[in-house]
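A.B. asks: TSV, C-alpha atoms, saved as input.tsv, coming up:
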```tsv
chain	number	residue	atom	x	y	z
N	29	MET	CA	71.27	79.03	94.61
N	30	ARG	CA	72.54	78.48	98.14
N	31	ARG	CA	75.56	76.61	96.86
N	32	LEU	CA	76.31	79.38	94.35
N	33	SER	CA	76.09	82.10	97.00
N	34	ALA	CA	78.24	79.99	99.35
N	35	ALA	CA	80.86	79.55	96.61
N	36	VAL	CA	80.86	83.28	95.82
N	37	SER	CA	81.23	84.10	99.53
N	38	LEU	CA	84.12	81.65	99.77
N	39	VAL	CA	85.93	83.25	96.83
N	40	LEU	CA	85.37	86.81	98.11
N	41	LEU	CA	86.54	85.95	101.65
N	42	SER	CA	89.65	84.20	100.35
N	43	LEU	CA	90.47	87.24	98.16
N	44	LEU	CA	89.98	89.49	101.18
N	45	ALA	CA	92.33	87.34	103.25
N	46	VAL	CA	95.00	87.50	100.52
N	47	ALA	CA	94.56	91.29	100.20
N	48	VAL	CA	95.03	91.78	103.94
N	49	ALA	CA	98.04	89.45	103.92
N	50	GLN	CA	99.66	91.34	101.02
N	51	ALA	CA	99.05	94.68	102.75
N	52	SER	CA	100.78	93.26	105.86
N	53	LEU	CA	103.68	92.07	103.72
N	54	VAL	CA	104.09	95.52	102.14
N	55	ALA	CA	104.02	97.08	105.63
N	56	LEU	CA	106.69	94.59	106.78
N	57	ILE	CA	108.89	95.37	103.78
N	58	LEU	CA	108.52	99.12	104.40
N	59	LEU	CA	109.53	98.55	108.01
N	60	PHE	CA	112.53	96.44	106.99
N	61	SER	CA	113.57	99.10	104.47
N	62	ALA	CA	113.52	101.70	107.24
N	63	VAL	CA	115.50	99.45	109.65
N	64	LEU	CA	118.07	98.34	107.05
N	65	LYS	CA	118.25	101.83	105.46
N	66	LEU	CA	117.28	100.78	101.95
N	67	ASN	CA	115.90	102.70	99.00
N	68	LEU	CA	112.81	100.73	97.99
N	69	THR	CA	110.97	100.69	94.66
N	70	ILE	CA	107.83	98.64	94.08
N	71	GLU	CA	106.59	98.48	90.51
N	72	LEU	CA	102.79	98.33	90.19
N	73	GLY	CA	101.73	98.18	86.57
N	74	LEU	CA	102.92	101.40	84.95
N	75	HIS	CA	103.48	103.12	88.34
N	76	TYR	CA	106.35	103.01	90.80
N	77	LEU	CA	106.06	103.27	94.55
N	78	HIS	CA	109.42	104.73	95.58
N	79	LEU	CA	110.83	105.15	99.09
N	80	SER	CA	114.19	106.93	99.10
N	81	LEU	CA	116.67	107.75	101.84
N	82	PRO	CA	118.63	110.90	100.88
N	83	ALA	CA	120.50	110.88	104.23
N	84	ALA	CA	122.18	107.55	103.37
N	85	PRO	CA	123.43	107.86	99.78
N	86	TYR	CA	125.57	104.72	99.79
N	87	ARG	CA	122.77	102.32	100.67
N	88	PRO	CA	121.42	99.91	98.06
N	89	GLU	CA	118.22	100.21	96.12
N	90	VAL	CA	115.84	97.26	96.28
N	91	ALA	CA	113.40	96.99	93.41
N	92	VAL	CA	110.41	94.66	93.25
N	93	TYR	CA	109.16	94.39	89.67
N	94	ASN	CA	105.69	93.56	88.31
N	95	ALA	CA	106.55	89.89	88.02
N	96	GLY	CA	107.65	89.87	91.65
N	97	SER	CA	104.42	91.53	92.84
N	98	ILE	CA	102.31	89.05	90.88
N	99	ALA	CA	104.41	86.11	92.06
N	100	SER	CA	103.99	87.29	95.65
N	101	VAL	CA	100.18	87.41	95.39
N	102	VAL	CA	100.09	84.00	93.68
N	103	PHE	CA	102.43	82.49	96.30
N	104	THR	CA	100.32	83.81	99.18
N	105	ALA	CA	97.07	82.55	97.66
N	106	ALA	CA	98.67	79.22	96.76
N	107	GLY	CA	100.00	78.80	100.30
N	108	GLY	CA	96.52	79.23	101.71
N	109	ALA	CA	94.91	76.99	99.07
N	110	VAL	CA	97.41	74.16	99.62
N	111	ALA	CA	96.95	74.29	103.41
N	112	ALA	CA	93.14	74.37	103.09
N	113	THR	CA	93.07	71.48	100.61
N	114	TRP	CA	95.41	69.38	102.75
N	115	LYS	CA	93.30	70.00	105.86
N	116	PHE	CA	90.04	69.33	104.02
N	117	ARG	CA	91.28	65.95	102.79
N	118	ARG	CA	92.88	64.91	106.09
N	119	TRP	CA	90.04	66.06	108.34
N	120	ARG	CA	88.59	63.43	110.64
N	121	ALA	CA	85.72	63.99	113.07
N	122	PRO	CA	87.15	64.34	116.61
N	123	ARG	CA	86.31	61.58	119.04
P	20	MET	CA	84.60	90.80	133.51
P	21	LYS	CA	81.20	89.20	132.87
P	22	GLY	CA	81.13	90.95	129.49
P	23	LEU	CA	84.01	88.74	128.38
P	24	LEU	CA	81.72	85.72	128.71
P	25	ARG	CA	79.78	87.03	125.71
P	26	LEU	CA	82.82	86.18	123.59
P	27	TYR	CA	82.16	82.47	124.13
P	28	PRO	CA	80.12	80.45	121.57
P	29	ARG	CA	76.38	80.22	122.10
P	30	TRP	CA	76.33	76.47	122.84
P	31	TRP	CA	78.98	77.02	125.54
P	32	ARG	CA	77.08	79.90	127.13
P	33	GLU	CA	73.85	77.87	127.20
P	34	ARG	CA	75.65	74.96	128.86
P	35	TYR	CA	78.08	76.64	131.28
P	36	GLY	CA	77.13	80.32	131.24
P	37	ARG	CA	75.36	80.54	134.60
P	38	GLU	CA	78.04	78.59	136.49
P	39	MET	CA	80.74	80.72	134.91
P	40	GLU	CA	78.98	83.96	135.85
P	41	VAL	CA	78.88	82.86	139.51
P	42	LEU	CA	82.57	81.91	139.33
P	43	VAL	CA	83.58	85.21	137.68
P	44	ASP	CA	81.67	87.15	140.39
P	45	GLU	CA	83.78	85.41	143.07
P	46	LEU	CA	87.10	85.98	141.29
P	47	PRO	CA	89.06	89.26	141.63
P	48	SER	CA	89.03	91.59	138.60
P	49	ARG	CA	92.62	91.10	137.51
P	50	THR	CA	94.34	91.09	134.15
P	51	GLY	CA	95.29	87.44	134.62
P	52	VAL	CA	91.63	86.45	135.01
P	53	ALA	CA	90.68	88.47	131.93
P	54	LEU	CA	93.45	86.77	129.94
P	55	ASP	CA	92.26	83.36	131.16
P	56	LEU	CA	88.73	84.15	130.01
P	57	LEU	CA	90.00	85.32	126.61
P	58	LEU	CA	92.09	82.18	126.20
P	59	GLY	CA	89.11	80.06	127.22
P	60	ALA	CA	86.98	81.74	124.54
P	61	ALA	CA	89.66	81.04	121.92
P	62	MET	CA	89.81	77.37	123.02
P	63	ALA	CA	86.01	77.08	122.83
P	64	TYR	CA	86.00	78.45	119.27
P	65	ALA	CA	88.92	76.19	118.36
P	66	PHE	CA	86.76	73.25	119.47
P	67	VAL	CA	83.87	74.46	117.26
P	68	ILE	CA	86.22	74.86	114.29
P	69	ARG	CA	87.75	71.42	114.77
P	70	GLU	CA	84.31	69.82	114.73
P	71	ASN	CA	83.51	71.24	111.27
P	72	ARG	CA	85.34	70.25	108.09
P	73	ILE	CA	84.70	73.52	106.22
P	74	LEU	CA	85.69	75.70	109.18
P	75	SER	CA	88.84	73.61	109.71
P	76	ALA	CA	89.79	74.12	106.05
P	77	ALA	CA	89.10	77.88	106.37
P	78	GLY	CA	91.31	78.05	109.46
P	79	ALA	CA	94.03	76.13	107.61
P	80	TYR	CA	93.71	78.60	104.68
P	81	LEU	CA	94.38	81.56	106.98
P	82	HIS	CA	97.26	79.68	108.59
P	83	GLY	CA	98.77	78.92	105.17
P	84	VAL	CA	98.47	82.58	104.14
P	85	CYS	CA	100.30	83.70	107.32
P	86	VAL	CA	103.10	81.18	106.68
P	87	ALA	CA	103.41	82.35	103.06
P	88	VAL	CA	103.74	86.00	104.17
P	89	LEU	CA	106.44	85.10	106.71
P	90	LEU	CA	108.35	83.04	104.13
P	91	GLN	CA	108.33	85.99	101.73
P	92	ALA	CA	109.55	88.37	104.43
P	93	ILE	CA	112.37	85.91	105.24
P	94	GLY	CA	113.18	85.72	101.51
P	95	PHE	CA	113.41	89.52	101.34
P	96	VAL	CA	115.87	89.72	104.24
P	97	LEU	CA	117.93	86.82	102.82
P	98	LEU	CA	118.13	88.66	99.50
P	99	ILE	CA	119.55	91.72	101.26
P	100	LEU	CA	122.05	89.59	103.20
P	101	TYR	CA	123.10	87.76	100.02
P	102	SER	CA	123.78	91.05	98.25
P	103	GLU	CA	125.93	92.18	101.21
P	104	ARG	CA	128.22	89.15	101.04
P	105	TRP	CA	131.12	91.30	99.77
P	106	PRO	CA	132.24	94.68	101.18
P	107	GLY	CA	130.64	97.36	99.06
P	108	GLY	CA	127.80	95.05	98.13
P	109	VAL	CA	127.08	92.94	95.05
P	110	ASN	CA	124.30	93.76	92.57
P	111	THR	CA	121.86	90.88	92.76
P	112	ASP	CA	119.02	90.04	90.40
P	113	VAL	CA	116.27	87.50	91.13
P	114	ALA	CA	115.04	86.25	87.75
P	115	LEU	CA	113.58	83.16	86.12
P	116	GLY	CA	114.11	83.17	82.38
P	117	PRO	CA	112.68	86.41	80.97
P	118	PHE	CA	110.91	87.30	84.24
P	119	HIS	CA	112.71	89.60	86.66
P	120	PHE	CA	111.16	89.47	90.12
P	121	ALA	CA	113.42	91.69	92.22
P	122	ALA	CA	116.85	93.27	92.26
P	123	VAL	CA	119.31	94.84	94.69
P	124	MET	CA	121.47	97.56	93.16
P	125	TRP	CA	124.41	99.07	95.01
P	126	PRO	CA	125.65	102.57	94.20
P	127	ILE	CA	129.13	102.89	92.78
P	128	ASP	CA	131.22	104.37	95.59
P	129	PHE	CA	134.01	106.25	93.77
P	130	PHE	CA	135.00	108.43	96.70
P	131	GLY	CA	133.85	106.18	99.53
P	132	PRO	CA	135.67	106.05	102.84
P	133	ARG	CA	136.74	102.46	102.49
P	134	SER	CA	140.39	101.78	101.80
P	135	LEU	CA	141.58	98.26	101.03
P	136	THR	CA	142.50	97.81	104.70
P	137	GLN	CA	139.06	98.96	105.82
P	138	ALA	CA	137.45	96.60	103.31
P	139	GLN	CA	139.52	93.72	104.70
P	140	VAL	CA	138.58	94.62	108.28
P	141	THR	CA	134.91	94.89	107.29
P	142	ARG	CA	135.08	91.41	105.87
P	143	TRP	CA	135.88	90.03	109.33
P	144	LEU	CA	133.59	92.47	111.21
P	145	PRO	CA	130.33	92.43	109.25
P	146	LEU	CA	128.55	95.03	111.39
P	147	ASP	CA	126.39	95.95	108.40
P	148	TRP	CA	124.89	92.48	108.60
P	149	LEU	CA	123.73	92.74	112.23
P	150	PRO	CA	120.35	94.48	111.69
P	151	ALA	CA	119.47	92.07	108.87
P	152	ILE	CA	120.52	89.04	110.92
P	153	GLY	CA	118.50	90.36	113.86
P	154	LEU	CA	115.42	90.70	111.63
P	155	LEU	CA	116.02	87.21	110.23
P	156	VAL	CA	116.17	85.69	113.72
P	157	VAL	CA	112.91	87.40	114.71
P	158	LEU	CA	111.18	86.26	111.51
P	159	VAL	CA	112.35	82.66	111.83
P	160	ALA	CA	111.24	82.57	115.48
P	161	THR	CA	107.83	83.93	114.47
P	162	LEU	CA	107.57	81.33	111.71
P	163	VAL	CA	108.36	78.54	114.18
P	164	VAL	CA	105.67	79.84	116.57
P	165	VAL	CA	103.09	80.11	113.77
P	166	MET	CA	103.89	76.62	112.44
P	167	THR	CA	103.67	74.97	115.87
P	168	ALA	CA	100.65	76.96	117.13
P	169	PRO	CA	97.96	74.51	115.90
P	170	ARG	CA	99.71	71.56	117.54
P	171	LEU	CA	100.23	73.51	120.78
P	172	LEU	CA	96.55	74.48	120.86
P	173	ARG	CA	95.54	70.85	120.35
P	174	THR	CA	97.83	69.49	123.07
P	175	SER	CA	96.94	72.21	125.59
P	176	ARG	CA	93.33	70.95	125.88
```
Write out the structure in this file as structure tokens.

C.D. replies:
Amino acid sequence: MRRLSAAVSLVLLSLLAVAVAQASLVALILLFSAVLKLNLTIELGLHYLHLSLPAAPYRPEVAVYNAGSIASVVFTAAGGAVAATWKFRRWRAPR
Amino acid sequence: MKGLLRLYPRWWRERYGREMEVLVDELPSRTGVALDLLLGAAMAYAFVIRENRILSAAGAYLHGVCVAVLLQAIGFVLLILYSERWPGGVNTDVALGPFHFAAVMWPIDFFGPRSLTQAQVTRWLPLDWLPAIGLLVVLVATLVVVMTAPRLLRTSR
């Protein structure tokens, strides 16, 4: 039972870390869109999150599609998992 | 200032707490001292994490997540720069087979201010690139700091 609850805690904490990381990434992209004067569209399922800049009509529109959003989450989680696995295997008790 | 000592791990407080309280009482209450205490607390926790395999792996997980976020931010800025490689911009699509991940679409500028001469001048004076290049430099510098932070923490003991 202890192992099961530890495993569930591990999964929930890792999901929380990925959620916070993705929220930071979205905030960074919003900031970059403001700095670079871009019109930004993020597709989330059947919805679009759209940030437009009417004062700069000749600026490009950047669109992130569903596949891109999913790939981003998978990449972030995979990055953490690879680093954790590598550290877990290479860990040696300090002298 | 003594309140900052509560940030240290329990084993550290039991071992060095009293001596540290006497020392903190003698030191002036300055920002530098507070920063030293905070850094000391971080080093003490880093020691605890290094001693434990699971905690080390958890720390590495968070580190890997941060690196992944920075790499994606760098990729975003590089995509914008790549689409700006020609005056007026080039529509760029990031796709793998049937999956489209992202795209940059430039408006068609029928009555834009750029003449052929202006377009040629812009090619040699890419001022539009400067904000993106500035962001890229900041992101790459941050990535270098994040990647080298564990080694710096280990060698600063």

A.B. asks: Based on only C-alpha atoms, which of the residues in chain P come within 9 Å of chain N? I want them as a short mmCIF file (atom, residue, chain, number, x, y, z; two decimals) with C-alpha atoms, in the coordinates of the input.

C.D. replies:
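Listed below is the output, iface.cif:
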```cif
data_model
loop_
_atom_site.label_atom_id
_atom_site.label_comp_id
_atom_site.auth_asym_id
_atom_site.auth_seq_id
_atom_site.Cartn_x
_atom_site.Cartn_y
_atom_site.Cartn_z
CA ARG P 69 87.75 71.42 114.77
CA GLU P 70 84.31 69.82 114.73
CA ASN P 71 83.51 71.24 111.27
CA ARG P 72 85.34 70.25 108.09
CA ILE P 73 84.70 73.52 106.22
CA SER P 75 88.84 73.61 109.71
CA ALA P 76 89.79 74.12 106.05
CA ALA P 77 89.10 77.88 106.37
CA GLY P 78 91.31 78.05 109.46
CA ALA P 79 94.03 76.13 107.61
CA TYR P 80 93.71 78.60 104.68
CA LEU P 81 94.38 81.56 106.98
CA HIS P 82 97.26 79.68 108.59
CA GLY P 83 98.77 78.92 105.17
CA VAL P 84 98.47 82.58 104.14
CA CYS P 85 100.30 83.70 107.32
CA VAL P 86 103.10 81.18 106.68
CA ALA P 87 103.41 82.35 103.06
CA VAL P 88 103.74 86.00 104.17
CA LEU P 89 106.44 85.10 106.71
CA GLN P 91 108.33 85.99 101.73
CA ALA P 92 109.55 88.37 104.43
CA PHE P 95 113.41 89.52 101.34
CA VAL P 96 115.87 89.72 104.24
CA ILE P 99 119.55 91.72 101.26
CA GLY P 107 130.64 97.36 99.06
CA GLY P 108 127.80 95.05 98.13
CA ASN P 110 124.30 93.76 92.57
CA VAL P 113 116.27 87.50 91.13
CA PHE P 118 110.91 87.30 84.24
CA HIS P 119 112.71 89.60 86.66
CA PHE P 120 111.16 89.47 90.12
CA ALA P 121 113.42 91.69 92.22
CA ALA P 122 116.85 93.27 92.26
CA VAL P 123 119.31 94.84 94.69
CA MET P 124 121.47 97.56 93.16
CA TRP P 125 124.41 99.07 95.01
CA PRO P 126 125.65 102.57 94.20
CA ILE P 127 129.13 102.89 92.78
CA ASP P 128 131.22 104.37 95.59
CA GLY P 131 133.85 106.18 99.53
CA ASP P 147 126.39 95.95 108.40
CA PRO P 150 120.35 94.48 111.69
CA ALA P 151 119.47 92.07 108.87
CA LEU P 154 115.42 90.70 111.63
#
```

A.B. asks: Just give me the gap between CA of Leu98 in chain P and CA of Leu155 in chain P in Å, one decimal is fine.

C.D. replies: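 CA of Leu98 in chain P sits 11.0 Å away from CA of Leu155 in chain P.
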
A.B. asks: Provide the CA of Ala55 in chain N to CA of Thr167 in chain P distance in Å, to one decimal place.

C.D. replies: 24.4 Å

A.B. asks: With 5 Å added on each side, what axis-aligned box encloses every listed atom of range 55-74 of chain N? Give the centre and edge lengths in Å to one decimal, as AutoDock Vina command-line options.

C.D. replies:
```
--center_x 110.0 --center_y 98.6 --center_z 97.3 --size_x 26.5 --size_y 18.1 --size_z 34.7
```

A.B. asks: What is the distance, in Å and to one decimal place, between CA of Ala63 in chain P and CA of Gly22 in chain P?

C.D. replies: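 Computed distance, CA of Ala63 in chain P to CA of Gly22 in chain P, equals 16.1 Å.
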